[in-house]
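See below for the structure under consideration.
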Amino acid sequence: MKAAMKLLVIGHLCIDVAHPRSGVHESQVEPPPGDGALPVGECWGGIANAIATLGSLAAKGDVVIPVCGAGRDDLEAFRSWLAQFPAVDPGAVFSLDLPTNRMHVYEQDGGTRVACTRDISPPIPYERIRKVLAVDGIVINMVSGADITIETLDNIRMDIRGKSVAVHLDYHHLTTGINEKNERFRRPLPDWRRWAFMNTSVQCNESEIAGLALERLTEEQTAGHFLTLGVKGVVVTRGAKGVTLYTSEHKKVIRHDVAGLPVQTDSDVTGLGDVFGAAFLRSFAAGTELAGSAVYANGIAAQAATLPRAKRAGYFQFQ
């Protein structure tokens, strides 16, 4: 296992705004402490979930470099929030002329939620990423679906080609569109194969992978396509049911199921997939094989599920 690592985190910063159907939001009971706190009912989201995870799991000597923009009015507060993580280097965080992305989450009857997106930032320019590509691992989380362009991803792949850099891509909102009410809806992604090409690993949840392709494919068939594109591991997260990892052995698709861990939680589960993806990349880039990294990340996400979102940062210790 590597003694010290440099990890890059790419994606859009988001401010998640909760709209509970009834009752009191958890942040009203115990608001987040310290600098960088947001108003009641709001919390740092999007790529902040991955940054907090890697910052919390960092071993001695690790450096975590987030590449994201924050609205001018939020930049100082976000930098203050980042300061709680000694391993995080905020040098690549930049100011946006537009407001920070906001994701409004409305709770519905039966426990379902409707997500509405406001103020999506422009794609992160490649020049901001190119300057910090001398790393051991990269997490790319398509938080908004417009975080980077496919051309930027192609440029990243060209720049790190031949180097031992693990790249984990979470498809996330690449798999959704936005309707006239600013609501997210599931839709196929015509160039899903190009997004996957030569990444070390890719991640989808059950709904995302089921609706990814234009043609009707089973989950295993979709995973099989991924594995012909240079991808070593395909991760399908299943919430409380755990996670499935698909790998290839002798051109045969191998399925590894990791059972969900029993946890009791009334907390907001938003962002747990982001926690998983960051922990998975951290573990694999440190030298753990794919299946072991899936088990490790599943455990980290389960731990995170037991805590209010405001308390997750700083909870983990990398082992």
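Quick note on naming: the chains in the structure tokens go A, B, ... in the order shown, residues restart at 1 in each chain, and ligands are numbered from 1 in order of appearance.
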
Find the nearest atom pair between each residue of range 75-179 of chain A and range 280-295 of chain A for residues within 12 Å, count only C-alpha atoms, give distances in Å to one decimal, sort rows by chain and ascending number, and present the table as JSON lines.
```
{"residue": "A:Val135", "atom": "CA", "partner": "A:Ala285", "partner_atom": "CA", "distance": 10.2}
{"residue": "A:Asp136", "atom": "CA", "partner": "A:Ala285", "partner_atom": "CA", "distance": 6.6}
{"residue": "A:Gly137", "atom": "CA", "partner": "A:Ala285", "partner_atom": "CA", "distance": 5.9}
{"residue": "A:Ile138", "atom": "CA", "partner": "A:Leu281", "partner_atom": "CA", "distance": 7.5}
{"residue": "A:Val139", "atom": "CA", "partner": "A:Leu281", "partner_atom": "CA", "distance": 6.8}
{"residue": "A:Ile140", "atom": "CA", "partner": "A:Leu281", "partner_atom": "CA", "distance": 10.1}
{"residue": "A:Asn141", "atom": "CA", "partner": "A:Leu281", "partner_atom": "CA", "distance": 11.5}
{"residue": "A:Ser164", "atom": "CA", "partner": "A:Ala285", "partner_atom": "CA", "distance": 9.1}
{"residue": "A:Val165", "atom": "CA", "partner": "A:Ala285", "partner_atom": "CA", "distance": 7.7}
{"residue": "A:Ala166", "atom": "CA", "partner": "A:Ala285", "partner_atom": "CA", "distance": 5.9}
{"residue": "A:Val167", "atom": "CA", "partner": "A:Leu281", "partner_atom": "CA", "distance": 7.6}
{"residue": "A:His168", "atom": "CA", "partner": "A:Leu281", "partner_atom": "CA", "distance": 6.2}
{"residue": "A:Leu169", "atom": "CA", "partner": "A:Leu281", "partner_atom": "CA", "distance": 9.6}
{"residue": "A:Asp170", "atom": "CA", "partner": "A:Leu281", "partner_atom": "CA", "distance": 10.8}
```

Could you save those same residues with C-alpha atoms as a PDB file, in the first residue's frame?
```pdb
ATOM      1  CA  VAL A 135      -1.474  12.468  -9.348  1.00  0.00           C
ATOM      2  CA  ASP A 136      -1.963   8.823  -8.330  1.00  0.00           C
ATOM      3  CA  GLY A 137      -5.740   8.718  -8.725  1.00  0.00           C
ATOM      4  CA  ILE A 138      -8.650  10.741 -10.083  1.00  0.00           C
ATOM      5  CA  VAL A 139     -12.310  10.773  -9.087  1.00  0.00           C
ATOM      6  CA  ILE A 140     -14.595  12.274 -11.736  1.00  0.00           C
ATOM      7  CA  ASN A 141     -18.143  12.629 -10.452  1.00  0.00           C
ATOM      8  CA  SER A 164      -0.132   4.551 -13.340  1.00  0.00           C
ATOM      9  CA  VAL A 165      -3.130   6.767 -12.613  1.00  0.00           C
ATOM     10  CA  ALA A 166      -6.385   5.161 -11.464  1.00  0.00           C
ATOM     11  CA  VAL A 167      -9.469   6.949 -12.848  1.00  0.00           C
ATOM     12  CA  HIS A 168     -12.930   6.354 -11.378  1.00  0.00           C
ATOM     13  CA  LEU A 169     -15.908   7.866 -13.256  1.00  0.00           C
ATOM     14  CA  ASP A 170     -19.314   8.129 -11.589  1.00  0.00           C
TER      15      ASP A 170
END
```

Self-check item: Expected answer as JSON, numbers by chain: strand (DSSP E) residues in range 84-163 of chain A
Solution: {"A": [94, 95, 96, 101, 102, 103, 104, 105, 106, 107, 113, 114, 115, 116, 117, 118, 137, 138, 139, 140, 141]}

Quiz item: With distances taken over only C-alpha atoms, which of A:Ser144, A:Asn205, A:Gln303, A:Gln221 is nearest to Ile124 in chain A?
Solution: A:Ser144

Self-check item: Distance criterion (only C-alpha atoms): nearest to Val202 in chain A out of A:Ala278, A:Val235, A:Ala48, A:Ile178
Solution: A:Val235

Practice problem: Do a neighbour search on range 94-109 of chain A at 9 Å with only C-alpha atoms, toss out local chain neighbours closer than 6 positions, and write the hits as a count of residues only. | Solution: 32

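Residues in contact with Val275 in chain A at up to 6 Å, not including ones fewer than 3 positions away on its chain and judged by only C-alpha atoms, are Ala50, Thr53, Leu272, Ala278 and Ala301 of chain A.
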
As a compact mmCIF listing (two decimals) with C-alpha atoms, in the first residue's frame, please: the residues near range 190-199 of chain A (cut-off 9 Å, only C-alpha atoms, same-chain neighbours under 3 positions excluded).
```
# COMPACT_ATOMS: atom_id res chain seq x y z
CA ILE A 150 -16.34 14.52 -23.20
CA LEU A 153 -12.20 13.69 -20.53
CA ASP A 154 -10.46 12.69 -23.77
CA ARG A 157 -6.95 10.34 -20.86
CA ALA A 166 -6.39 5.16 -11.46
CA VAL A 167 -9.47 6.95 -12.85
CA HIS A 168 -12.93 6.35 -11.38
CA LEU A 169 -15.91 7.87 -13.26
CA TYR A 171 -21.91 8.58 -14.35
CA LEU A 174 -24.94 12.08 -17.13
CA THR A 175 -27.90 9.68 -17.07
CA VAL A 202 -16.99 3.27 -13.63
CA LEU A 212 -28.01 3.98 -19.74
CA ALA A 213 -28.11 2.40 -23.20
CA LEU A 214 -30.45 3.24 -26.06
CA HIS A 225 -19.76 -3.71 -22.85
CA PHE A 226 -17.93 -1.55 -20.30
CA THR A 228 -14.46 -4.38 -23.46
CA LEU A 229 -13.51 -0.68 -23.35
CA GLY A 230 -10.46 -0.97 -21.12
CA VAL A 231 -12.52 -0.63 -17.93
CA LYS A 232 -11.28 -2.99 -15.19
```

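Among the candidates A:Met5, A:Lys163, A:Asn155, A:Ala83, the one nearest to Val64 in chain A when counting only C-alpha atoms is A:Met5.
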